[in-house]
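*Asks:* Got a structure for you, query_2.txt, holding compact mmCIF, C-alpha atoms.
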```txt
# COMPACT_ATOMS: atom_id res chain seq x y z
CA MET A 1 0.00 0.00 0.00
CA GLU A 2 1.38 3.40 -0.96
CA THR A 3 1.15 6.43 1.24
CA SER A 4 1.56 9.98 0.14
CA SER A 5 2.31 13.09 2.17
CA ARG A 6 1.22 16.59 1.37
CA SER A 7 3.21 19.65 2.12
CA THR A 8 1.38 22.05 4.39
CA GLY A 9 3.78 24.96 3.71
CA GLN A 10 5.02 25.02 7.33
CA SER A 11 8.52 23.97 8.38
CA LEU A 12 8.86 21.59 11.22
CA PRO A 13 10.71 22.84 14.32
CA PRO A 14 14.26 21.50 14.70
CA PRO A 15 14.72 18.64 17.07
CA ARG A 16 15.09 19.66 20.67
CA GLY A 17 18.55 18.14 20.95
CA SER A 18 19.93 20.27 18.10
CA ARG A 19 19.36 23.63 19.85
CA LYS A 20 22.44 25.17 21.53
CA PRO A 21 21.93 26.41 25.09
CA ARG A 22 22.31 30.11 25.79
CA TRP A 23 25.46 29.65 27.88
CA ALA A 24 27.18 27.93 24.96
CA LEU A 25 26.44 30.89 22.72
CA VAL A 26 27.83 33.32 25.34
CA ALA A 27 30.96 31.19 25.81
CA GLY A 28 31.47 30.99 22.07
CA GLY A 29 31.15 34.75 21.72
CA ALA A 30 33.63 35.32 24.53
CA ALA A 31 36.11 32.92 22.94
CA LEU A 32 35.70 34.68 19.61
CA LEU A 33 36.33 38.06 21.24
CA LEU A 34 39.44 36.74 23.00
CA ALA A 35 40.76 35.30 19.76
CA LEU A 36 40.17 38.66 18.07
CA VAL A 37 42.12 40.48 20.77
CA VAL A 38 45.02 38.04 20.47
CA LEU A 39 44.93 38.37 16.69
CA VAL A 40 45.10 42.15 16.91
CA GLY A 41 48.08 41.87 19.24
CA ARG A 42 49.84 39.53 16.81
CA LEU A 43 49.18 41.86 13.90
CA SER A 44 51.34 44.49 15.55
CA LEU A 45 54.31 42.17 15.02
CA ILE A 46 53.79 42.10 11.25
CA PRO A 47 55.79 44.80 9.42
CA GLY A 48 53.54 47.48 8.04
CA LEU A 49 50.61 46.78 10.35
CA GLY A 50 52.12 47.96 13.62
CA GLY A 51 50.90 51.50 13.04
CA LEU A 52 47.28 50.37 12.80
CA PHE A 53 47.15 48.88 16.29
CA GLY A 54 50.12 50.55 17.98
CA GLU A 55 49.90 52.51 21.22
CA ASP A 56 50.35 56.26 21.45
CA THR A 57 51.90 57.42 24.72
CA ARG A 58 51.33 60.99 25.92
CA ASP A 59 52.79 62.57 29.02
CA ARG A 60 50.11 64.82 30.54
CA SER A 61 51.88 65.32 33.86
CA GLY A 62 51.82 68.74 35.44
CA PRO A 63 54.94 70.73 36.35
CA ALA A 64 57.00 69.62 39.34
CA LEU A 65 56.46 71.83 42.38
CA LEU A 66 59.27 72.72 44.77
CA LYS A 67 58.03 71.84 48.27
CA SER A 68 61.07 72.70 50.38
CA ILE A 69 64.85 73.24 50.35
CA GLN A 70 67.07 71.79 53.05
CA ASP A 71 70.65 72.95 53.55
CA MET A 72 73.04 70.00 53.99
CA HIS A 73 75.94 70.54 56.38
CA ARG A 74 77.55 67.20 55.75
CA TYR A 75 80.33 65.62 53.75
CA GLU A 76 79.50 62.40 51.92
CA GLY A 77 82.72 60.47 52.06
CA ALA A 78 81.66 57.21 50.39
CA VAL A 79 78.81 55.62 48.46
CA GLY A 80 78.19 51.89 48.26
CA ASN A 81 76.29 50.24 45.40
CA PHE A 82 74.45 47.04 46.26
CA GLN A 83 72.32 44.41 44.56
CA VAL A 84 70.05 41.83 46.19
CA VAL A 85 67.74 39.11 44.86
CA VAL A 86 64.49 39.04 46.84
CA ASP A 87 62.43 35.83 46.76
CA LEU A 88 59.13 36.58 48.49
CA GLU A 89 56.48 33.86 48.80
CA LYS A 90 53.04 34.14 50.44
CA ASP A 91 50.92 31.03 50.97
CA ALA A 92 47.38 30.49 52.21
CA ALA A 93 46.83 28.18 55.15
CA PHE A 94 44.34 25.72 53.64
CA LEU A 95 44.49 26.46 49.91
CA PRO A 96 46.93 25.22 47.26
CA ASP A 97 49.26 27.68 45.59
CA ALA A 98 47.37 27.39 42.32
CA ILE A 99 44.27 28.84 44.05
CA ARG A 100 45.73 31.31 46.54
CA GLY A 101 49.36 32.30 46.84
CA THR A 102 52.03 34.52 45.33
CA ARG A 103 55.75 34.26 44.73
CA THR A 104 57.84 37.12 43.35
CA LEU A 105 61.49 37.02 42.33
CA TYR A 106 62.84 40.57 42.34
CA VAL A 107 66.29 42.03 41.69
CA GLY A 108 66.82 45.19 43.72
CA ALA A 109 69.76 47.50 43.02
CA GLY A 110 70.42 50.56 45.13
CA SER A 111 72.99 52.73 46.82
CA VAL A 112 73.78 53.88 50.35
CA GLY A 113 75.83 56.94 51.20
CA GLY A 114 78.10 57.38 54.21
CA TYR A 115 78.52 60.95 55.46
CA VAL A 116 80.00 62.94 58.34
CA GLU A 117 77.88 65.68 59.90
CA LEU A 118 79.73 69.00 59.94
CA GLY A 119 76.94 71.42 60.80
CA ALA A 120 77.15 70.95 64.58
CA LEU A 121 80.88 71.63 64.93
CA GLY A 122 81.72 74.19 67.62
CA GLU A 123 84.81 76.03 68.78
CA GLN A 124 85.96 73.04 70.80
CA SER A 125 85.83 70.81 67.72
CA VAL A 126 88.69 72.64 65.99
CA LYS A 127 91.86 73.65 67.81
CA VAL A 128 94.78 75.56 66.27
CA ASN A 129 98.14 76.31 67.93
CA ALA A 130 99.52 79.81 68.32
CA ASP A 131 101.73 79.87 65.22
CA ARG A 132 98.98 78.20 63.11
CA THR A 133 101.08 75.24 62.07
CA GLN A 134 99.08 72.51 63.77
CA ALA A 135 95.33 71.84 63.68
CA THR A 136 93.24 69.27 65.53
CA VAL A 137 89.72 68.48 64.32
CA ARG A 138 87.28 66.33 66.29
CA LEU A 139 84.25 65.04 64.34
CA PRO A 140 81.27 62.78 65.04
CA HIS A 141 81.35 59.28 63.60
CA ALA A 142 80.11 58.77 60.07
CA THR A 143 76.44 57.94 59.53
CA LEU A 144 74.80 55.87 56.81
CA GLY A 145 72.00 57.43 54.83
CA PRO A 146 68.85 55.60 53.75
CA ALA A 147 69.09 53.07 50.95
CA ALA A 148 67.79 54.37 47.62
CA LEU A 149 66.59 51.89 45.00
CA ASP A 150 67.55 52.55 41.39
CA PRO A 151 64.43 51.99 39.22
CA ASN A 152 66.56 51.63 36.09
CA ARG A 153 68.45 48.66 37.54
CA SER A 154 65.70 47.06 39.65
CA TYR A 155 63.20 44.70 38.06
CA ALA A 156 60.93 41.71 38.70
CA VAL A 157 62.29 38.46 37.26
CA SER A 158 59.10 36.42 37.67
CA LYS A 159 55.68 36.61 39.31
CA GLN A 160 53.58 33.59 40.20
CA ARG A 161 50.03 34.18 41.39
CA GLY A 162 47.13 31.94 42.26
CA LEU A 163 43.72 32.18 40.63
CA LEU A 164 42.18 34.25 43.43
CA ASP A 165 45.15 36.63 43.45
CA ARG A 166 44.82 37.17 39.70
CA LEU A 167 41.14 37.94 40.10
CA GLY A 168 42.00 40.37 42.89
CA ASP A 169 44.53 42.11 40.64
CA PHE A 170 41.84 42.47 37.98
CA PHE A 171 39.69 44.57 40.32
CA SER A 172 42.59 46.34 42.06
CA ASP A 173 43.81 49.87 41.39
CA ASN A 174 47.40 48.65 41.80
CA PRO A 175 47.60 45.16 40.29
CA ALA A 176 50.62 43.02 41.12
CA GLY A 177 52.18 45.77 43.24
CA GLU A 178 55.86 45.44 44.08
CA GLN A 179 55.88 47.49 47.28
CA ALA A 180 56.51 44.45 49.49
CA VAL A 181 59.57 43.21 47.58
CA GLN A 182 60.88 46.76 47.26
CA ARG A 183 60.69 47.23 51.03
CA LEU A 184 62.54 43.95 51.54
CA ALA A 185 65.17 44.99 49.03
CA VAL A 186 65.74 48.28 50.90
CA GLN A 187 65.94 46.39 54.20
CA HIS A 188 68.51 43.90 52.93
CA ILE A 189 70.60 46.62 51.27
CA THR A 190 70.59 48.65 54.50
CA GLU A 191 71.76 45.62 56.50
CA ALA A 192 74.47 44.87 53.95
CA ALA A 193 75.70 48.48 54.11
CA ARG A 194 76.11 48.25 57.90
CA ASP A 195 78.31 45.17 57.56
CA SER A 196 80.31 46.43 54.59
CA GLY A 197 82.56 48.90 56.38
CA LEU A 198 81.05 51.79 54.44
CA ALA A 199 81.00 54.09 57.49
CA ALA A 200 84.70 53.48 58.14
CA ARG A 201 85.50 54.24 54.50
CA ALA A 202 83.52 57.50 54.76
CA GLU A 203 85.60 58.54 57.78
CA GLN A 204 88.85 57.73 55.98
CA ASN A 205 87.87 59.80 52.96
CA THR A 206 86.67 62.67 55.16
CA THR A 207 90.01 62.64 56.98
CA ALA A 208 91.91 62.75 53.70
CA MET A 209 89.76 65.65 52.48
CA LEU A 210 90.32 67.73 55.64
CA GLU A 211 94.04 67.01 55.74
CA GLY A 212 94.46 68.14 52.16
CA LEU A 213 92.34 71.24 52.72
CA LEU A 214 94.12 72.37 55.90
CA ARG A 215 97.59 71.66 54.52
CA SER A 216 96.76 73.81 51.52
CA LEU A 217 96.03 76.60 54.02
CA GLY A 218 99.52 76.33 55.54
CA PHE A 219 99.05 73.85 58.38
CA GLN A 220 101.95 71.41 58.63
CA LYS A 221 100.36 68.90 60.99
CA VAL A 222 96.68 67.99 60.87
CA THR A 223 95.02 65.56 63.28
CA VAL A 224 91.46 64.35 62.66
CA SER A 225 89.67 62.19 65.22
CA TYR A 226 86.14 60.86 65.59
CA ALA A 227 84.11 60.68 68.78
```
In structure tokens, what does this structure look like?
*Replies:*
Amino acid sequence: METSSRSTGQSLPPPRGSRKPRWALVAGGAALLLALVVLVGRLSLIPGLGGLFGEDTRDRSGPALLKSIQDMHRYEGAVGNFQVVVDLEKDAAFLPDAIRGTRTLYVGAGSVGGYVELGALGEQSVKVNADRTQATVRLPHATLGPAALDPNRSYAVSKQRGLLDRLGDFFSDNPAGEQAVQRLAVQHITEAARDSGLAARAEQNTTAMLEGLLRSLGFQKVTVSYA
């Protein structure tokens, strides 16, 4: 027996299993957008197309304002240059590092100056004999100044962050800040300067400077001591 079917002019709805859920469409659109961003970034590496997607940097900073001037009555006799590798790791108590935790490897380069304070010298600090051939100078011990990091020689080698830390950086005004490793670098450089003999070198150079200055003024014997 033959059967025939007549077309009613209406299309049948697609099977229920062939429809894509809404979340799949959103995920596909997000993946397409991400691929487009990566493609645009790669195009900047092709000669001739870098100008289309390149960045234009403008400095809109205001003029620097002078806040104060401080007179320095000191002689800086020596400067030490230091470098330290800071390895700072922060872990969560009950979470793996892939979820919560950071580790930063940072190279900090900075300098520390050693100086002798000359502003507080009084009449008893300098003694000269009657015929002005001998001079005795008594100075305070040399002091180390604060460590100053050099931004041109300091840099982060690597940064490892967990998923939650990366999400926090996404909503932070200062993502992946380096203040903690910079403070540690300053601390280690300061400690190294104390143990390096920098203060003693500053006193030696200050003594040589004063001896040369006073001998040029006619003094035959110059004695410099530190209290």
*Asks:* Just the number, please: distance in Å from atom CA of Lys221 of chain A to atom CA of Arg132 of chain A, one decimal.
*Replies:*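 About the pair atom CA of Lys221 of chain A and atom CA of Arg132 of chain A: they are 9.6 Å apart.
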*Asks:* Rank A:Leu149, A:Gly80, A:Gln124, A:Gly197 by their smallest atom-to-atom distance to Val137 of chain A, using only C-alpha atoms, and report the top residue only.
*Replies:*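 The answer is A:Gln124, which sits nearest to Val137 of chain A.
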*Asks:* Check the smallest atom-to-atom distance from each of A:Ala130, A:Val86, A:Leu144, A:Ala227 to Glu191 of chain A using all atoms listed in the file, then report the winner.
*Replies:*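 Nearest candidate to Glu191 of chain A out of A:Ala130, A:Val86, A:Leu144, A:Ala227: A:Leu144.
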*Asks:* Taking the point (77.9, 70.0, 64.0) as given in the file, collect each protein or nucleic acid residue that comes within 10 Å of it, counting only C-alpha atoms, and present the set as a PyMOL selection string.
*Replies:* chain A and resi 73-74+116-122+125+139-140
*Asks:* Restricting the calculation to all atoms listed in the file, which member of A:Ala148, A:Asp131, A:Pro63, A:Lys159 is positioned closest to Glu89 of chain A?
*Replies:*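 Closest candidate: A:Lys159.
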